[in-house]
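Notes for the one structure printed next.
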Amino acid sequence: MCGRYATSRARQELLDEFRVQVDAVEGDLEPDYNVAPTKQVPVVLDRVPKDAPEESAPARQLRTVRWGLVPSWAKDPAIGNRMINARAETVHEKPSYRRAFAKRRCLLPADGYFEWYVLQNEDAEKKPKRPPKQPFFIRPKDGGVMAMAGLYELWKSPEDEWLWTCTVITTNAPDDLGRIHDRMPMIVEPDRWDAWLDPALTDPDRVRGLLVPAMAGTMDAFPVSKAVNSVKNNGPELVEPADGGDGLADPPGALF
């Protein structure tokens with residue numbers, strides 16, 4: 001699963017990168033190096049603006065929404081706390097996601113994401129009940145923005161207030177990353193952004209065809225400080241290699 005990631009691109013950089021037409025972000029957009037569920041996160045989506053005529057064309061928007069999708073039919077928004085990820089293999093058929101998959105797709109800009117590798121202890125007698133874990137930061141090798149495939153939904157409260165929420169779609173990790181964790185966020189390449197965001201594209205098979213797992217060798221992974229374990233910690237130091245840490249090309253012997 002993807003339960004933590006970093007997103008630090010400046011507002012203007014995101015507006016330019018994704019060719020955004022409507023900046024719907026309220027207030028400042030601060031970098032976040034330790035994004036956790038229920039936080040407000042930046043997303044890019046195509047949607048007809050609120051006050052535009054119904055027949056108007058969708059506009060590319062940048063806005064912030066809460067991470068953890070709340071279906072429109074939910075009675076309690078707390079359900080979103082358990083719906084931070086949707087599996088690519090089944091997202092088109094699950095009741096909680098299929099309507100959003102049809103026409104409410106989004107992209108979540110990220111620098112990279114975190115996963116925790118379970119450290120092995122060969123001495124069975126000394127194995128702790130909870131084995132220690134080493135956090136890794138995983139990011140595109142080319143340093144570009146990582147556009148994670150997502151879905152967004154709108155939920156109306158009893159007080160007639162609208163809550164915008166989202167989920168990240170996950171897929172199988174390639175072999176070089178699967179040693180850390182078998183799942184990873186689904187990344188949408190730039191040449192598929194327009195089709196992925198197009199609300200007029202509703203055929204499930206065509207939409208699923210846009211989801212292509214990352215190829216082996218396209219991502220860097222390296223151990224980082226365990227300070228990321230606490231959501232209270234935030235800052236660029238969380239995505240820096242830990243002292244003595246190397247990437248998967250030359251992994252520490254204690255890990256693999």
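The chains in the structure tokens are called A, B, ... from first to last as shown; in each chain the residues are counted from 1, and the ligands are counted from 1 in the order shown.
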Using backbone DSSP assignments, extract all strand (DSSP E or B) residues from stretch 18-169 of chain A; output them as a VMD selection string.
chain A and resid 22 to 23 32 to 35 40 to 47 59 to 67 85 to 87 105 to 110 112 to 118 133 to 140 146 to 156 162 to 169
Selection: 7 Å around A:Thr64, only C-alpha atoms, excl. self and same-chain fewer than 6 positions, as number ranges by chain
A: 25, 40-43
Might you pull out every residue within 12 Å of A:Gly68, with only C-alpha atoms counted and same-chain residues fewer than 3 positions away left off, and present them as an MDAnalysis selection string?
chainID A and resid 2:3 35:41 65 71 77:86 96:97 150:155 163:169
Running DSSP on the backbone, which parts of stretch 50-168 of chain A land in alpha helix (DSSP H), as a PyMOL selection string?
chain A and resi 98-103
